[in-house]
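With compact mmCIF, C-alpha atoms inside, this is protein_14.txt:
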```txt
# COMPACT_ATOMS: atom_id res chain seq x y z
CA MET A 551 38.81 -43.35 18.06
CA ALA A 552 40.70 -40.34 16.78
CA ARG A 553 39.43 -38.71 13.64
CA HIS A 554 41.55 -39.57 10.65
CA GLN A 555 40.17 -37.86 7.59
CA ARG A 556 41.06 -39.72 4.43
CA HIS A 557 40.61 -37.65 1.32
CA THR A 558 40.11 -39.01 -2.17
CA LYS A 559 43.02 -38.48 -4.45
CA GLY A 560 42.01 -36.58 -7.56
CA THR A 561 42.77 -38.30 -10.87
CA PRO A 562 43.11 -35.91 -13.81
CA ALA A 563 41.65 -37.06 -17.09
CA PRO A 564 44.29 -38.38 -19.52
CA THR A 565 45.35 -36.05 -22.26
CA PRO A 566 45.50 -37.78 -25.66
CA PHE A 567 48.40 -37.31 -28.07
CA ARG A 568 50.77 -36.01 -25.43
CA ARG A 569 54.18 -35.24 -26.96
CA LEU A 570 56.91 -37.62 -25.86
CA THR A 571 59.27 -34.71 -25.27
CA THR A 572 57.04 -33.30 -22.54
CA GLU A 573 58.66 -33.46 -19.10
CA PRO A 574 57.10 -36.06 -16.83
CA LYS A 575 54.72 -34.81 -14.18
CA THR A 576 56.15 -34.31 -10.71
CA PRO A 577 55.24 -37.34 -8.59
CA PRO A 578 52.49 -36.72 -6.03
CA VAL A 579 53.50 -35.86 -2.49
CA ARG A 580 52.02 -37.75 0.47
CA ILE A 581 51.38 -35.32 3.33
CA HIS A 582 50.34 -36.20 6.88
CA HIS A 583 48.85 -33.30 8.84
CA VAL A 584 48.63 -33.36 12.63
CA LEU A 585 45.89 -31.05 13.91
CA PRO A 586 45.84 -30.74 17.73
CA TYR A 587 42.30 -29.28 17.82
CA ASP A 588 38.97 -31.04 17.60
CA SER A 589 38.14 -30.83 13.90
CA GLN A 590 34.41 -30.69 14.67
CA GLN A 591 34.75 -27.44 16.61
CA PRO A 592 34.93 -24.03 14.87
CA GLY A 593 38.32 -22.37 14.77
CA GLY A 594 40.79 -20.78 12.41
CA VAL A 595 43.43 -23.52 12.68
CA GLN A 596 40.84 -26.19 11.91
CA THR A 597 39.45 -24.24 8.96
CA HIS A 598 42.91 -23.66 7.53
CA THR A 599 44.11 -27.25 7.95
CA MET A 600 41.06 -28.86 6.37
CA ALA A 601 41.04 -26.38 3.48
CA LEU A 602 44.76 -26.89 2.86
CA SER A 603 44.42 -30.68 2.89
CA GLU A 604 41.48 -30.62 0.49
CA ALA A 605 43.29 -28.25 -1.88
CA LEU A 606 46.38 -30.49 -1.89
CA ASN A 607 44.22 -33.43 -2.87
CA LYS A 608 42.59 -31.44 -5.67
CA LEU A 609 46.10 -30.68 -6.97
CA GLY A 610 46.69 -34.42 -7.30
CA HIS A 611 48.53 -35.16 -4.06
CA GLU A 612 47.63 -37.39 -1.14
CA SER A 613 46.77 -35.55 2.05
CA HIS A 614 45.46 -36.91 5.36
CA VAL A 615 44.55 -35.09 8.58
CA PHE A 616 44.80 -36.54 12.07
CA ALA A 617 42.76 -34.81 14.79
CA PRO A 618 41.93 -35.94 18.33
CA SER A 619 38.46 -37.17 19.25
CA ARG A 620 38.84 -36.80 23.02
CA PRO A 621 40.65 -33.52 23.67
CA VAL A 622 40.18 -31.56 26.87
CA ARG A 623 39.12 -27.98 26.10
CA LEU A 624 40.57 -25.42 28.50
CA GLY A 625 40.45 -21.65 28.79
CA VAL A 626 43.97 -20.24 28.41
CA GLY A 627 44.78 -16.53 28.39
CA GLY A 628 41.35 -15.39 27.22
CA THR A 629 41.00 -18.05 24.53
CA ARG A 630 40.47 -21.81 24.36
CA ALA A 631 42.89 -24.62 23.64
CA ASP A 632 42.47 -28.36 23.14
CA LEU A 633 44.87 -30.54 25.12
CA THR A 634 45.15 -34.21 24.17
CA TRP A 635 45.91 -36.68 26.93
CA HIS A 636 43.68 -39.66 26.19
CA PRO A 637 45.68 -42.87 25.60
CA LEU A 638 43.45 -43.95 22.70
CA ASP A 639 44.16 -40.70 20.85
CA LEU A 640 47.89 -41.07 21.50
CA PHE A 641 47.90 -44.68 20.29
CA ALA A 642 45.96 -43.65 17.18
CA LEU A 643 48.52 -40.90 16.53
CA ARG A 644 51.31 -43.45 16.73
CA ARG A 645 49.62 -45.64 14.13
CA PHE A 646 48.99 -42.61 11.91
CA LEU A 647 52.64 -41.58 12.01
CA ARG A 648 53.74 -45.10 11.06
CA THR A 649 51.77 -45.15 7.80
CA PRO A 650 53.88 -44.15 4.75
CA HIS A 651 54.15 -40.46 3.95
CA ASP A 652 56.67 -38.02 2.48
CA ILE A 653 56.00 -34.92 4.60
CA LEU A 654 54.79 -34.51 8.16
CA HIS A 655 53.07 -31.16 8.77
CA ILE A 656 52.22 -30.29 12.39
CA GLN A 657 49.92 -27.40 13.29
CA GLU A 658 50.66 -25.65 16.63
CA PRO A 659 53.43 -28.12 17.55
CA MET A 660 53.82 -26.85 21.12
CA LEU A 661 50.25 -27.70 22.11
CA PRO A 662 50.40 -30.86 24.29
CA LEU A 663 50.62 -33.63 23.52
CA LEU A 664 50.06 -34.31 19.83
CA GLY A 665 52.52 -31.76 18.47
CA THR A 666 55.39 -32.59 20.78
CA LEU A 667 54.98 -36.35 20.34
CA SER A 668 54.89 -35.93 16.57
CA LEU A 669 58.09 -33.89 16.62
CA LEU A 670 59.77 -36.54 18.75
CA HIS A 671 58.55 -39.48 16.65
CA PRO A 672 61.60 -41.49 15.53
CA GLY A 673 62.27 -41.84 11.83
CA ALA A 674 59.87 -39.09 10.80
CA PRO A 675 60.16 -37.79 7.22
CA PRO A 676 60.88 -34.09 6.55
CA THR A 677 58.77 -32.18 9.05
CA VAL A 678 57.06 -28.80 8.76
CA VAL A 679 55.51 -26.98 11.72
CA THR A 680 53.13 -24.04 11.57
CA LEU A 681 52.74 -21.59 14.45
CA HIS A 682 49.44 -19.69 14.52
CA SER A 683 49.17 -18.12 17.97
CA ALA A 684 49.17 -14.36 18.37
CA GLU A 685 47.86 -13.94 21.93
CA PRO A 686 49.99 -12.27 24.63
CA VAL A 687 49.90 -15.50 26.66
CA ALA A 688 51.55 -17.30 23.73
CA ARG A 689 54.31 -14.71 23.59
CA ARG A 690 54.99 -15.25 27.28
CA PHE A 691 54.88 -19.02 26.81
CA TYR A 692 57.53 -18.98 24.09
CA ARG A 693 59.71 -16.63 26.13
CA TRP A 694 59.45 -18.60 29.38
CA THR A 695 59.87 -22.01 27.74
CA ARG A 696 62.62 -21.04 25.31
CA PRO A 697 65.14 -23.58 26.71
CA VAL A 698 62.65 -26.33 25.83
CA SER A 699 60.61 -24.94 22.95
CA ARG A 700 63.54 -23.82 20.83
CA PRO A 701 65.28 -27.24 20.74
CA LEU A 702 61.94 -28.90 20.01
CA LEU A 703 61.16 -26.56 17.12
CA ASN A 704 64.69 -27.01 15.80
CA ARG A 705 63.81 -30.66 15.18
CA ALA A 706 61.55 -29.48 12.36
CA ASP A 707 62.99 -29.07 8.88
CA ALA A 708 60.95 -25.90 8.30
CA ILE A 709 59.09 -23.50 10.57
CA VAL A 710 56.10 -21.66 9.14
CA CYS A 711 54.33 -18.76 10.85
CA ALA A 712 50.75 -17.94 9.90
CA SER A 713 51.50 -14.21 9.70
CA GLU A 714 54.02 -11.62 10.73
CA VAL A 715 52.09 -11.32 14.00
CA SER A 716 52.57 -15.03 14.72
CA HIS A 717 56.26 -14.75 13.88
CA GLU A 718 56.72 -11.87 16.30
CA THR A 719 54.79 -13.79 18.96
CA ALA A 720 57.00 -16.89 18.66
CA ASN A 721 60.25 -15.05 17.96
CA ALA A 722 61.85 -16.11 21.26
CA ALA A 723 61.57 -19.74 20.19
CA THR A 724 62.07 -19.46 16.43
CA GLY A 725 64.45 -16.55 15.95
CA ALA A 726 64.54 -15.23 12.41
CA ASP A 727 64.48 -18.69 10.82
CA ALA A 728 60.81 -18.93 9.80
CA THR A 729 58.74 -18.71 6.63
CA ILE A 730 55.53 -16.68 6.46
CA ILE A 731 52.68 -18.51 4.72
CA TYR A 732 49.23 -17.14 5.43
CA PRO A 733 46.44 -19.54 6.41
CA CYS A 734 43.94 -20.42 3.73
CA LEU A 735 40.23 -20.87 3.15
CA ASP A 736 38.03 -22.71 0.71
CA LEU A 737 36.25 -19.65 -0.66
CA SER A 738 33.91 -21.55 -2.99
CA ASN A 739 30.89 -21.12 -0.68
CA PHE A 740 31.56 -17.39 -0.30
CA ARG A 741 32.78 -16.38 -3.74
CA ASN A 742 30.05 -14.94 -6.00
CA LEU A 743 27.47 -15.20 -3.23
CA GLN A 744 24.09 -13.82 -4.34
CA ARG A 745 23.42 -11.38 -1.52
CA ASN A 746 20.03 -10.08 -0.43
CA PRO A 747 20.83 -7.98 2.67
CA ASP A 748 18.27 -7.23 5.33
CA PRO A 749 18.19 -3.49 6.08
CA GLN A 750 20.36 -2.25 8.95
CA THR A 751 21.64 -5.72 9.87
CA ILE A 752 25.10 -6.20 11.40
CA LEU A 753 26.65 -9.67 11.61
CA PHE A 754 29.19 -10.87 14.19
CA VAL A 755 30.71 -14.33 13.82
CA GLY A 756 32.97 -15.74 16.52
CA ARG A 757 33.32 -16.97 20.07
CA ASP A 758 32.41 -14.65 22.91
CA GLU A 759 35.95 -14.33 24.28
CA PRO A 760 37.34 -11.08 25.72
CA ARG A 761 39.75 -10.60 22.83
CA LYS A 762 36.94 -10.91 20.24
CA GLY A 763 35.36 -7.69 21.52
CA LEU A 764 31.66 -8.60 21.46
CA PRO A 765 30.87 -6.40 24.51
CA ILE A 766 32.38 -3.45 22.62
CA LEU A 767 30.06 -4.18 19.71
CA LEU A 768 27.06 -4.27 22.05
CA GLN A 769 28.07 -0.84 23.36
CA ALA A 770 28.39 0.45 19.79
CA LEU A 771 24.92 -0.90 19.00
CA GLU A 772 23.44 1.37 21.68
CA ARG A 773 24.54 4.32 19.52
CA LEU A 774 22.78 2.86 16.45
CA PRO A 775 19.08 2.85 17.38
CA ASP A 776 17.88 1.55 13.99
CA ALA A 777 20.37 -1.31 13.66
CA GLN A 778 19.91 -5.02 14.29
CA LEU A 779 22.74 -7.32 15.40
CA VAL A 780 23.00 -11.04 14.62
CA VAL A 781 25.56 -12.98 16.69
CA ALA A 782 26.69 -16.37 15.37
CA GLY A 783 28.71 -18.20 18.00
CA PRO A 784 28.59 -19.28 21.64
CA VAL A 785 28.03 -16.46 24.11
CA THR A 786 28.42 -16.08 27.86
CA ASP A 787 25.61 -15.53 30.34
CA ALA A 788 26.88 -11.99 30.87
CA THR A 789 26.45 -11.23 27.17
CA ARG A 790 22.94 -12.68 27.19
CA ALA A 791 22.07 -10.45 30.12
CA HIS A 792 23.25 -7.32 28.28
CA ALA A 793 21.70 -8.13 24.91
CA ASN A 794 18.58 -6.10 24.10
CA SER A 795 15.67 -6.92 21.80
CA ARG A 796 17.64 -5.79 18.73
CA VAL A 797 20.20 -8.57 19.26
CA THR A 798 19.63 -12.07 17.88
CA LEU A 799 21.82 -14.70 19.55
CA LEU A 800 22.05 -17.77 17.32
CA GLY A 801 24.53 -19.71 19.43
CA PRO A 802 27.08 -22.00 17.73
CA VAL A 803 26.53 -22.17 13.97
CA PRO A 804 28.06 -24.89 11.75
CA HIS A 805 30.71 -23.51 9.46
CA HIS A 806 28.84 -24.51 6.31
CA GLU A 807 25.93 -22.24 7.35
CA ILE A 808 28.00 -19.08 7.78
CA ALA A 809 27.74 -18.15 4.09
CA SER A 810 23.93 -18.07 4.36
CA LEU A 811 24.16 -15.61 7.24
CA MET A 812 26.49 -13.41 5.22
CA ARG A 813 24.00 -13.44 2.38
CA THR A 814 21.54 -11.39 4.45
CA ALA A 815 23.89 -9.08 6.40
CA THR A 816 24.19 -5.40 5.51
CA CYS A 817 27.70 -5.41 6.98
CA ALA A 818 29.88 -7.37 9.39
CA ALA A 819 31.71 -6.25 12.53
CA PHE A 820 34.89 -7.72 13.99
CA PRO A 821 35.90 -5.63 17.02
CA ALA A 822 38.76 -7.82 18.32
CA THR A 823 41.10 -6.11 20.77
CA GLY A 824 44.17 -8.14 19.72
CA GLY A 825 45.56 -11.64 19.59
CA GLU A 826 44.58 -12.23 15.95
CA ALA A 827 47.20 -13.59 13.57
CA LEU A 828 45.00 -12.78 10.59
CA GLY A 829 41.25 -13.26 11.08
CA LEU A 830 39.91 -15.89 8.67
CA VAL A 831 36.25 -15.15 9.35
CA LEU A 832 36.95 -11.56 8.31
CA VAL A 833 38.39 -12.91 5.04
CA GLU A 834 35.26 -15.03 4.55
CA ALA A 835 33.09 -11.95 4.93
CA MET A 836 35.16 -10.05 2.38
CA ALA A 837 35.01 -12.99 -0.05
CA ALA A 838 31.22 -12.95 0.29
CA GLY A 839 31.09 -9.26 -0.57
CA VAL A 840 30.06 -8.18 2.92
CA PRO A 841 31.40 -4.72 3.87
CA VAL A 842 33.47 -4.96 7.04
CA ALA A 843 34.06 -2.71 10.05
CA ALA A 844 36.89 -4.04 12.21
CA SER A 845 39.50 -3.10 14.77
CA ASP A 846 42.75 -1.55 13.66
CA ILE A 847 44.99 -4.38 14.87
CA ASP A 848 47.98 -5.86 13.07
CA GLY A 849 46.32 -9.12 12.04
CA TYR A 850 43.33 -7.34 10.53
CA ARG A 851 45.56 -4.89 8.69
CA ILE A 852 47.21 -7.88 7.02
CA ALA A 853 43.84 -9.39 6.11
CA THR A 854 42.47 -6.11 4.69
CA SER A 855 45.53 -4.97 2.70
CA ASP A 856 46.51 -2.38 5.28
CA GLY A 857 42.92 -1.27 5.77
CA ALA A 858 42.10 -0.70 2.09
CA ALA A 859 39.32 -3.32 2.09
CA ALA A 860 37.56 -2.42 5.36
CA LEU A 861 36.83 0.41 7.77
CA LEU A 862 39.20 0.07 10.73
CA SER A 863 38.82 1.80 14.08
CA THR A 864 40.73 2.06 17.36
CA PRO A 865 40.51 -1.23 19.30
CA GLY A 866 38.26 -1.04 22.36
CA ASP A 867 36.54 2.19 21.28
CA PRO A 868 32.75 1.66 20.87
CA ASN A 869 32.24 5.24 19.64
CA ALA A 870 34.70 4.83 16.77
CA LEU A 871 33.23 1.43 15.89
CA ALA A 872 29.69 2.86 15.92
CA ALA A 873 30.77 5.70 13.62
CA ASN A 874 32.17 3.27 11.06
CA LEU A 875 29.12 1.03 11.27
CA LEU A 876 26.85 4.04 10.76
CA ARG A 877 28.81 4.93 7.62
CA LEU A 878 28.34 1.42 6.26
CA LEU A 879 24.65 1.23 7.15
CA SER A 880 23.85 4.59 5.56
CA ASP A 881 26.13 4.77 2.49
CA THR A 882 25.26 2.36 -0.31
CA ARG A 883 28.13 3.50 -2.53
CA LEU A 884 30.68 2.98 0.23
CA ARG A 885 29.35 -0.52 0.84
CA GLU A 886 29.70 -1.36 -2.84
CA GLN A 887 33.25 -0.04 -2.98
CA LEU A 888 34.35 -1.99 0.09
CA ALA A 889 32.60 -5.13 -1.16
CA ASP A 890 34.56 -4.99 -4.44
CA ARG A 891 37.87 -4.40 -2.67
CA GLY A 892 37.09 -7.11 -0.16
CA ARG A 893 36.44 -9.73 -2.82
CA GLN A 894 39.74 -8.96 -4.53
CA THR A 895 41.68 -8.94 -1.26
CA ALA A 896 40.20 -12.23 -0.05
CA GLU A 897 41.58 -14.07 -3.10
CA ARG A 898 45.07 -13.79 -1.59
CA PHE A 899 43.99 -16.40 0.96
CA ASP A 900 42.31 -18.86 -1.40
CA SER A 901 43.24 -22.43 -0.56
CA HIS A 902 44.53 -23.27 -4.05
CA ALA A 903 47.10 -20.46 -4.02
CA ILE A 904 48.20 -21.16 -0.44
CA ALA A 905 48.42 -24.91 -1.12
CA GLN A 906 50.82 -24.19 -3.98
CA GLN A 907 53.05 -22.21 -1.62
CA HIS A 908 53.10 -25.15 0.77
CA LEU A 909 53.90 -27.54 -2.08
CA ASP A 910 56.90 -25.42 -3.04
CA LEU A 911 58.11 -25.67 0.54
CA TYR A 912 57.47 -29.43 0.75
CA ARG A 913 59.38 -30.09 -2.47
CA SER A 914 62.32 -28.01 -1.30
CA LEU A 915 62.61 -30.39 1.65
CA LEU A 916 62.34 -33.49 -0.52
```

Target encoding structure tokens, full file:
Amino acid sequence: MARHQRHTKGTPAPTPFRRLTTEPKTPPVRIHHVLPYDSQQPGGVQTHTMALSEALNKLGHESHVFAPSRPVRLGVGGTRADLTWHPLDLFALRRFLRTPHDILHIQEPMLPLLGTLSLLHPGAPPTVVTLHSAEPVARRFYRWTRPVSRPLLNRADAIVCASEVSHETANAATGADATIIYPCLDLSNFRNLQRNPDPQTILFVGRDEPRKGLPILLQALERLPDAQLVVAGPVTDATRAHANSRVTLLGPVPHHEIASLMRTATCAAFPATGGEALGLVLVEAMAAGVPVAASDIDGYRIATSDGAAALLSTPGDPNALAANLLRLLSDTRLREQLADRGRQTAERFDSHAIAQQHLDLYRSLL
């Protein structure tokens, strides 16, 4: 059966002696989210959707998330996508869409079949769609399918793009008519983390996909003979074959354990070569006070306030990455400065603030 997360609606304590002239509270909004990815698998869209839903509930609204339980995971353009074909998931989606709600919010609406079926559902309330993709294959998809994708997206009452990179990627299908709202995170597990870093320890969190740049980081490590690398995420056999004794491969790590890994890291490295709309795991590292060395790509520039909160280097260049990592590993003052800037920058993506932006959009449609 498909996963339907039901959150508990928060009930604020009554305030005694409230003045009768006070304006009544705005009625709560009932939001149905459709998430086309397996919610039990790590991923930025999943992290954002669950954090947004939880924040909406904490603000006194009623938010539910539908996610498939039987998706087929495929490799597409150097990344992975979940495609939902199972009849039981599709029947469960139909039931979900028939339960009362005020707003329908679909993540990645062009990913078959949940998004498209939700857009085509008759009698749907005001509908919001969010486009996250930033990979080159997504840009080609929107360009090649424009005769189909543009009419489908026009069925939505509002189009949101997760960043300027996502907007540029989907421009062929959306045109200029889109709102930028950055994805969000629940930073409570990362904020004010009591860190006790192990010396010379670099942390990488992510899947071992070509665009994530893990092989580049392994090359950079060869230029740092005193450094240790901890890799949290699934890796390929080729990566295992090239990893030396200074590399610890943890495999997939549950999201709730990532903060503990950041507690002990001297710094974190995110050497993606492109295809990142923002980089939420980079934001998590900054929120935890972990100094960051990353690639100078558009999505990471957005996440780091144009590079002010991290050391950025040319994508695909292991020498430049190694130089920045060496600076972080050897300069305590620099690490402290970047940690402070990172914490401040990460607050822009806190789920409470981003949820309020979504609420403003929802209410404009109601």

Using only C-alpha atoms, tabulate the residues of range 763-832 of chain A lying at most 9 Å from any atom of range 668-683 of chain A, each with its closest atom pair and that distance in Å to one decimal, by chain and increasing residue number, as a tab-separated table.
```
residue	atom	partner	partner_atom	distance
A:Gly825	CA	A:Ser683	CA	7.6
A:Glu826	CA	A:Ser683	CA	7.7
A:Ala827	CA	A:His682	CA	6.6
```

| said: For a quick check of understanding, using only C-alpha atoms, which of A:Leu743, A:Leu633, A:Ala722, A:Ile731 has the smallest distance to Arg690 in chain A? | reply: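 Ranked by minimum distance to Arg690 in chain A, first place goes to A:Ala722.
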
| Can you list, as a list of chain:residue names, every protein, DNA or RNA residue that comes within 9 Å of Pro733 in chain A when you count only C-alpha atoms, leaving out same-chain residues fewer than 5 positions away? |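 My reading of the contact set: A:Gly594, A:Val595, A:Thr597, A:His598, A:Thr599, A:Leu602, A:His682, A:Ala712, A:Ser713, A:Leu828, A:Leu830, A:Phe899, A:Asp900, A:Ser901, A:Ile904.
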
| request: Quick one: everything within 8 Å of range 696-702 of chain A, counting all atoms listed in the file, minus sequence neighbours fewer than 4 positions away in the same chain. Send it as a PyMOL selection string. | output: chain A and resi 660+666+669+692+706+722-724

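When all atoms listed in the file are used to compute distances to Glu604 in chain A, the closest of the residues A:Leu735, A:Ala617, A:Leu703, A:Met836 turns out to be A:Leu735.
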
| task | Could you give me, as a PyMOL selection string, the residues within 10 Å of range 643-645 of chain A, counting all atoms listed in the file and dropping anything in the same chain fewer than 3 positions from it? | result | chain A and resi 552-554+584+616-618+637-640+648-649+664+667-668+671

Restrict the selected residues to C-alpha atoms and save them as a short mmCIF file (atom, residue, chain, number, x, y, z; two decimals), in the frame of the given file.
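Writing done, so here's result-v3.cif:
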```cif
data_model
loop_
_atom_site.label_atom_id
_atom_site.label_comp_id
_atom_site.auth_asym_id
_atom_site.auth_seq_id
_atom_site.Cartn_x
_atom_site.Cartn_y
_atom_site.Cartn_z
CA ALA A 552 40.70 -40.34 16.78
CA ARG A 553 39.43 -38.71 13.64
CA HIS A 554 41.55 -39.57 10.65
CA VAL A 584 48.63 -33.36 12.63
CA PHE A 616 44.80 -36.54 12.07
CA ALA A 617 42.76 -34.81 14.79
CA PRO A 618 41.93 -35.94 18.33
CA PRO A 637 45.68 -42.87 25.60
CA LEU A 638 43.45 -43.95 22.70
CA ASP A 639 44.16 -40.70 20.85
CA LEU A 640 47.89 -41.07 21.50
CA ARG A 648 53.74 -45.10 11.06
CA THR A 649 51.77 -45.15 7.80
CA LEU A 664 50.06 -34.31 19.83
CA LEU A 667 54.98 -36.35 20.34
CA SER A 668 54.89 -35.93 16.57
CA HIS A 671 58.55 -39.48 16.65
#
```

Go through range 702-785 of chain A residue by residue and, counting all atoms listed in the file, keep those with an atom at most 10 Å from range 885-898 of chain A; for each kept residue give the shortest atom pair and its distance in Å to one decimal, ordered by chain and increasing number, as a Markdown table.
```
| residue | atom | partner | partner_atom | distance |
| --- | --- | --- | --- | --- |
| A:Tyr732 | CA | A:Arg898 | CA | 8.8 |
| A:Pro733 | CA | A:Arg898 | CA | 9.9 |
| A:Cys734 | CA | A:Arg898 | CA | 8.6 |
| A:Leu735 | CA | A:Ala896 | CA | 9.2 |
| A:Leu737 | CA | A:Glu897 | CA | 8.1 |
| A:Phe740 | CA | A:Arg893 | CA | 9.4 |
| A:Arg741 | CA | A:Arg893 | CA | 7.6 |
| A:Asn742 | CA | A:Arg893 | CA | 8.8 |
```

| said: Considering all atoms listed in the file, can you say which of A:Arg580, A:Lys762, A:Arg705, A:Arg773 comes closest to Gly665 in chain A? | reply: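 Closest candidate: A:Arg705.
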
| field | Proximity to Glu612 in chain A - best of A:Asp632, A:Asp881, A:Asp707, A:Asp652, all atoms listed in the file | value |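 Closest candidate: A:Asp652.
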
| Which residues come within 7 Å of Ala818 in chain A, counting all atoms listed in the file, excluding same-chain residues fewer than 5 positions away, as an NGL selection string? | :A and (752-754 or 840-843)

| said: Please compute the CA of Lys608 in chain A-CA of Ala809 in chain A distance, one decimal, in Å. | reply: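 Going from CA of Lys608 in chain A over to CA of Ala809 in chain A, I get 22.2 Å.
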
| note | Ala815 in chain A proximity check over A:Asp588, A:Asp748, A:Glu714, A:Glu685, using all atoms listed in the file: winner is A:Asp748

| query | What is the CA of Cys817 in chain A to CA of Ala793 in chain A distance in Å? | reply |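 Computing it gives 19.1 Å between the two atoms.
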
| A:Gln591, A:Pro586, A:Gly866, A:Glu718 ranked by distance to Pro784 in chain A, top pick (using only C-alpha atoms) | A:Gln591
